[in-house]
Amino acid sequence: MEFFDTHSHYNDEKFDEDREEIIRATFDSNITKFMCIGYNLESSIKAIEIAEAHENIYATCGISPNDIEGVNFNDLQEIKKIAKNPKVLAIGEIGLDYYWEKDKENQEKQRSFFIEQIKIANELDLPITIHTRDAYLDTIKILKENKVNNTGIFHCCPLNNELIKDGLNLGYYISFSGVITYKNAKPEIPVSLVPENRILIETDSPYLSPEPYRGKRNDSRRVIEVANKISEIKNIPLEEIAKITYENALKVYKLENKK
Ligand SMILES: [Zn+2]
């Protein structure tokens with residue numbers, strides 16, 4: 001059995017002390033490929049560095065909605081420049097977050113950065129990885145009005161049935177994190193809505209540790225807990241969940257011919 005963690009942040013400073021050790025332990029635990037996701041310019045550069053140093057780690061570049069303070073459109077030119085690296089497989093994480101950002105003007109800035117980065121994804125022929133929180137309608141509206149040629153992933157997808165249905169209709173993949181293992185999460189219907197050919201698993205480490213590790217620093221090894229929960233809900237053996245999520249990840253990141 002092998003697993004693909006489609007969203008982690010080994011570029012985070014929480015891994016500064018023991019990054020290489022954790023990477024080795026991850027590969028030793030049947031997590032044979034994973035993504036290192038950028039969220040601002042600095043972390044995107046770091047993600048590429050980590051990916052370049054390890055055969056089965058890949059990177060994304062982007063400025064997240066929670067990192068646009070003090071950032072301007074020139075910084076996006078830098079993102080575009082570094083995203084040409086062959087190890088970069090997507091633009092992200094990008095999107096909207098009205099949970100942390102209540103200011104209307106800043107929400108407007110989030111929308112324009114989201115749209116500008118969609119343009120970069122299309123120019124570089126890459127998919128996107130989307131962060132969306134409390135912004136369902138605007139996220140879908142932007143994706144409808146700004147078609148992403150390679151679609152992409154709803155990362156740590158909110159357990160919102162309408163969002164999932166709309167995302168699937170637009171051709172996107174739905175990625176679930178440790179949140180689906182939390183006691184009051186009610187993941188049954190949202191997980192059931194996602195067909196086998198569109199489902200992905202992720203950790204979002206160092207955040208969102210699944211049960212029974214909730215509150216501790218997360219790492220990609222715990223993606224197995226997420227797969228287990230999906231296996232339980234869909235009543236499909238874990239081996240099969242590992243295989244379908246792995247193949248979906250290869251497909252969305254266009255790694256099928258680079259295995
Ligand atoms: Zn993330």
# chains A, B, ... in the order shown; residues from 1 in each chain; ligands from 1
call {"tool": "residues_around", "arguments": {"residues": "Thr203 in chain A", "least_positions_apart": "5", "cutoff": "6 Å", "atoms": "only C-alpha atoms", "output": "short mmCIF file (atom, residue, chain, number, x, y, z; two decimals) with N, CA and C atoms, in the first residue's frame"}}
result
data_model
loop_
_atom_site.label_atom_id
_atom_site.label_comp_id
_atom_site.auth_asym_id
_atom_site.auth_seq_id
_atom_site.Cartn_x
_atom_site.Cartn_y
_atom_site.Cartn_z
N SER A 8 0.77 19.40 2.26
CA SER A 8 1.46 19.52 3.54
C SER A 8 2.40 20.71 3.48
N SER A 177 -9.09 16.29 4.83
CA SER A 177 -7.99 16.32 5.81
C SER A 177 -8.45 15.63 7.10
N SER A 220 2.90 14.06 7.48
CA SER A 220 2.24 13.31 6.40
C SER A 220 1.94 11.85 6.75
N VAL A 223 -1.74 10.86 7.21
CA VAL A 223 -2.71 10.85 6.11
C VAL A 223 -3.45 9.50 6.10
#
call {"tool": "residues_around", "arguments": {"residues": "range 86-98 of chain A", "least_positions_apart": "2", "cutoff": "9 Å", "atoms": "only C-alpha atoms", "output": "PyMOL selection string"}}
result
chain A and resi 35+37-40+47-48+51-52+57-66+79-80+82-84+100-103+107+110-111+113-115+117-118+120-121+125-136+138-139+152+155+253-255
call {"tool": "atom_distance", "arguments": {"atom1": "CA of Ile201 in chain A", "atom2": "CA of Thr151 in chain A"}}
result
17.1 Å
call {"tool": "atom_distance", "arguments": {"atom1": "CA of Ala185 in chain A", "atom2": "CA of Glu162 in chain A"}}
result
16.2 Å
call {"tool": "residues_around", "arguments": {"residues": "Ser205 in chain A", "least_positions_apart": "6", "cutoff": "9 Å", "atoms": "only C-alpha atoms", "output": "list in words"}}
result
His7, Ser8, His9, Tyr10, Asp12, Arg217, Asn218, Asp219, Ser220 and Arg222 of chain A
call {"tool": "select_by_dssp", "arguments": {"residues": "range 37-247 of chain A", "states": "strand (DSSP E or B)", "output": "ChimeraX atom specification"}}
result
/A:37,57-61,88-97,128-133,152-154,173-176,199-201,205
call {"tool": "residues_around", "arguments": {"residues": "Met1 in chain A", "least_positions_apart": "6", "cutoff": "10 Å", "atoms": "only C-alpha atoms", "output": "NGL selection string"}}
result
:A and (29-32 or 238-243 or 246)
call {"tool": "write_last_selection", "arguments": {"atoms": "N, CA, C and O atoms", "output": "PDB file, in the first residue's frame"}}
result
ATOM      1  N   SER A  29       7.049   5.189   5.961  1.00  0.00           N
ATOM      2  CA  SER A  29       5.706   4.792   6.404  1.00  0.00           C
ATOM      3  C   SER A  29       4.726   4.644   5.247  1.00  0.00           C
ATOM      4  O   SER A  29       3.526   4.894   5.410  1.00  0.00           O
ATOM      5  N   ASN A  30       5.245   4.317   4.070  1.00  0.00           N
ATOM      6  CA  ASN A  30       4.384   4.104   2.898  1.00  0.00           C
ATOM      7  C   ASN A  30       3.742   5.370   2.350  1.00  0.00           C
ATOM      8  O   ASN A  30       2.821   5.306   1.558  1.00  0.00           O
ATOM      9  N   ILE A  31       4.182   6.536   2.830  1.00  0.00           N
ATOM     10  CA  ILE A  31       3.753   7.780   2.181  1.00  0.00           C
ATOM     11  C   ILE A  31       4.838   8.023   1.141  1.00  0.00           C
ATOM     12  O   ILE A  31       5.907   8.558   1.449  1.00  0.00           O
ATOM     13  N   THR A  32       4.584   7.601  -0.083  1.00  0.00           N
ATOM     14  CA  THR A  32       5.688   7.569  -1.049  1.00  0.00           C
ATOM     15  C   THR A  32       5.796   8.839  -1.894  1.00  0.00           C
ATOM     16  O   THR A  32       6.805   9.041  -2.550  1.00  0.00           O
ATOM     17  N   LEU A 238      -9.366  -0.194   2.905  1.00  0.00           N
ATOM     18  CA  LEU A 238      -8.310   0.830   2.961  1.00  0.00           C
ATOM     19  C   LEU A 238      -7.362   0.736   1.759  1.00  0.00           C
ATOM     20  O   LEU A 238      -6.972   1.763   1.197  1.00  0.00           O
ATOM     21  N   GLU A 239      -6.997  -0.482   1.371  1.00  0.00           N
ATOM     22  CA  GLU A 239      -6.093  -0.686   0.232  1.00  0.00           C
ATOM     23  C   GLU A 239      -6.640   0.000  -1.027  1.00  0.00           C
ATOM     24  O   GLU A 239      -5.898   0.595  -1.797  1.00  0.00           O
ATOM     25  N   GLU A 240      -7.950  -0.117  -1.182  1.00  0.00           N
ATOM     26  CA  GLU A 240      -8.595   0.454  -2.362  1.00  0.00           C
ATOM     27  C   GLU A 240      -8.607   1.992  -2.273  1.00  0.00           C
ATOM     28  O   GLU A 240      -8.370   2.683  -3.271  1.00  0.00           O
ATOM     29  N   ILE A 241      -8.864   2.521  -1.082  1.00  0.00           N
ATOM     30  CA  ILE A 241      -8.843   3.986  -0.896  1.00  0.00           C
ATOM     31  C   ILE A 241      -7.435   4.520  -1.167  1.00  0.00           C
ATOM     32  O   ILE A 241      -7.258   5.560  -1.822  1.00  0.00           O
ATOM     33  N   ALA A 242      -6.427   3.799  -0.674  1.00  0.00           N
ATOM     34  CA  ALA A 242      -5.035   4.210  -0.921  1.00  0.00           C
ATOM     35  C   ALA A 242      -4.788   4.292  -2.428  1.00  0.00           C
ATOM     36  O   ALA A 242      -4.256   5.290  -2.930  1.00  0.00           O
ATOM     37  N   LYS A 243      -5.219   3.269  -3.135  1.00  0.00           N
ATOM     38  CA  LYS A 243      -4.959   3.182  -4.571  1.00  0.00           C
ATOM     39  C   LYS A 243      -5.696   4.282  -5.357  1.00  0.00           C
ATOM     40  O   LYS A 243      -5.098   4.956  -6.186  1.00  0.00           O
ATOM     41  N   TYR A 246      -4.314   7.756  -4.591  1.00  0.00           N
ATOM     42  CA  TYR A 246      -2.968   7.879  -5.162  1.00  0.00           C
ATOM     43  C   TYR A 246      -3.062   8.169  -6.663  1.00  0.00           C
ATOM     44  O   TYR A 246      -2.424   9.095  -7.178  1.00  0.00           O
TER      45      TYR A 246
END
call {"tool": "select_by_dssp", "arguments": {"residues": "range 38-247 of chain A", "states": "helix (DSSP H, G or I)", "output": "ChimeraX atom specification"}}
result
/A:41-53,65-67,73-82,104-123,136-145,161-169,178-181,188-193,196-198,220-234,238-247
call {"tool": "atom_distance", "arguments": {"atom1": "CA of Lys14 in chain A", "atom2": "CA of Gly70 in chain A"}}
result
23.5 Å
call {"tool": "closest_residue", "arguments": {"among": "A:Asn11, A:Asn197, A:Asn228, A:Asn184", "to": "Ile244 in chain A", "atoms": "only C-alpha atoms"}}
result
A:Asn197
call {"tool": "residues_around", "arguments": {"residues": "Ile189 in chain A", "least_positions_apart": "5", "cutoff": "12 Å", "atoms": "only C-alpha atoms", "output": "list in words"}}
result
Leu159, Asn160, Asn161, Glu162, Ile164, Lys165, Ile180, Val194, Pro195, Ile230, Ile233 and Lys234 of chain A
call {"tool": "closest_residue", "arguments": {"among": "A:Glu188, A:Asp75, A:Glu247, A:Asp5", "to": "ligand 1", "atoms": "only C-alpha atoms and all ligand atoms"}}
result
A:Asp5
call {"tool": "residues_around", "arguments": {"residues": "Gly171 in chain A", "least_positions_apart": "2", "cutoff": "9 Å", "atoms": "only C-alpha atoms", "output": "list in words"}}
result
Asn150, Thr151, Gly152, Asp166, Gly167, Leu168, Asn169, Tyr173 and Arg198 of chain A
call {"tool": "write_last_selection", "arguments": {"atoms": "all heavy atoms", "output": "tab-separated table (two decimals), in the first residue's frame"}}
result
chain	number	residue	atom	x	y	z
A	150	ASN	N	-6.83	23.51	-16.20
A	150	ASN	CA	-6.49	22.20	-15.61
A	150	ASN	C	-7.27	21.93	-14.33
A	150	ASN	O	-6.89	21.03	-13.57
A	150	ASN	CB	-4.99	22.14	-15.33
A	150	ASN	CG	-4.18	22.13	-16.60
A	150	ASN	OD1	-4.25	21.18	-17.38
A	150	ASN	ND2	-3.44	23.19	-16.85
A	151	THR	N	-8.29	22.70	-14.05
A	151	THR	CA	-9.04	22.66	-12.78
A	151	THR	C	-8.06	22.57	-11.59
A	151	THR	O	-7.08	23.29	-11.55
A	151	THR	CB	-10.12	21.55	-12.73
A	151	THR	OG1	-9.52	20.27	-12.68
A	151	THR	CG2	-11.08	21.68	-13.89
A	152	GLY	N	-8.35	21.68	-10.64
A	152	GLY	CA	-7.49	21.63	-9.46
A	152	GLY	C	-8.20	20.98	-8.29
A	152	GLY	O	-9.05	20.10	-8.48
A	166	ASP	N	-21.03	21.85	-6.24
A	166	ASP	CA	-20.63	22.84	-7.25
A	166	ASP	C	-19.18	22.61	-7.70
A	166	ASP	O	-18.88	22.72	-8.89
A	166	ASP	CB	-20.76	24.26	-6.68
A	166	ASP	CG	-22.21	24.72	-6.65
A	166	ASP	OD1	-23.07	24.05	-7.26
A	166	ASP	OD2	-22.49	25.76	-6.02
A	167	GLY	N	-18.30	22.31	-6.76
A	167	GLY	CA	-16.90	22.06	-7.09
A	167	GLY	C	-16.77	20.87	-8.03
A	167	GLY	O	-16.03	20.92	-9.02
A	168	LEU	N	-17.50	19.81	-7.74
A	168	LEU	CA	-17.47	18.61	-8.61
A	168	LEU	C	-18.00	18.94	-10.00
A	168	LEU	O	-17.43	18.54	-11.01
A	168	LEU	CB	-18.30	17.48	-7.98
A	168	LEU	CG	-17.69	16.81	-6.74
A	168	LEU	CD1	-18.72	15.92	-6.05
A	168	LEU	CD2	-16.44	16.00	-7.10
A	169	ASN	N	-19.10	19.71	-10.03
A	169	ASN	CA	-19.67	20.09	-11.33
A	169	ASN	C	-18.69	20.90	-12.18
A	169	ASN	O	-18.72	20.84	-13.41
A	169	ASN	CB	-20.95	20.91	-11.14
A	169	ASN	CG	-22.13	20.00	-10.88
A	169	ASN	OD1	-22.12	18.83	-11.27
A	169	ASN	ND2	-23.14	20.52	-10.20
A	173	TYR	N	-11.28	18.38	-7.98
A	173	TYR	CA	-11.08	17.28	-7.04
A	173	TYR	C	-11.34	17.80	-5.63
A	173	TYR	O	-11.12	18.98	-5.34
A	173	TYR	CB	-9.64	16.76	-7.12
A	173	TYR	CG	-9.34	16.01	-8.38
A	173	TYR	CD1	-9.15	16.67	-9.60
A	173	TYR	CD2	-9.24	14.62	-8.38
A	173	TYR	CE1	-8.87	15.97	-10.77
A	173	TYR	CE2	-8.97	13.90	-9.54
A	173	TYR	CZ	-8.78	14.59	-10.73
A	173	TYR	OH	-8.52	13.90	-11.88
A	198	ARG	N	-12.70	11.36	-7.90
A	198	ARG	CA	-12.41	12.78	-7.60
A	198	ARG	C	-11.95	13.01	-6.16
A	198	ARG	O	-11.85	14.13	-5.72
A	198	ARG	CB	-13.66	13.62	-7.81
A	198	ARG	CG	-14.13	13.69	-9.22
A	198	ARG	CD	-13.28	14.62	-10.08
A	198	ARG	NE	-14.04	14.78	-11.29
A	198	ARG	CZ	-15.05	15.65	-11.39
A	198	ARG	NH1	-15.33	16.48	-10.43
A	198	ARG	NH2	-15.75	15.70	-12.50
call {"tool": "closest_residue", "arguments": {"among": "A:Val148, A:Lys119, A:Cys157, A:Glu21", "to": "ligand 1", "atoms": "only C-alpha atoms and all ligand atoms"}}
result
A:Cys157
call {"tool": "residues_around", "arguments": {"residues": "Leu208 in chain A", "least_positions_apart": "6", "cutoff": "7 Å", "atoms": "only C-alpha atoms", "output": "PyMOL selection string"}}
result
chain A and resi 178-179+214+218
call {"tool": "write_last_selection", "arguments": {"atoms": "C-alpha atoms", "output": "PDB file, in the first residue's frame"}}
result
ATOM      1  CA  GLY A 178      -7.932  15.175   9.445  1.00  0.00           C
ATOM      2  CA  VAL A 179     -10.993  17.360  10.065  1.00  0.00           C
ATOM      3  CA  ARG A 214      -5.622  16.238  17.597  1.00  0.00           C
ATOM      4  CA  ASN A 218       0.844  16.911  12.270  1.00  0.00           C
TER       5      ASN A 218
END
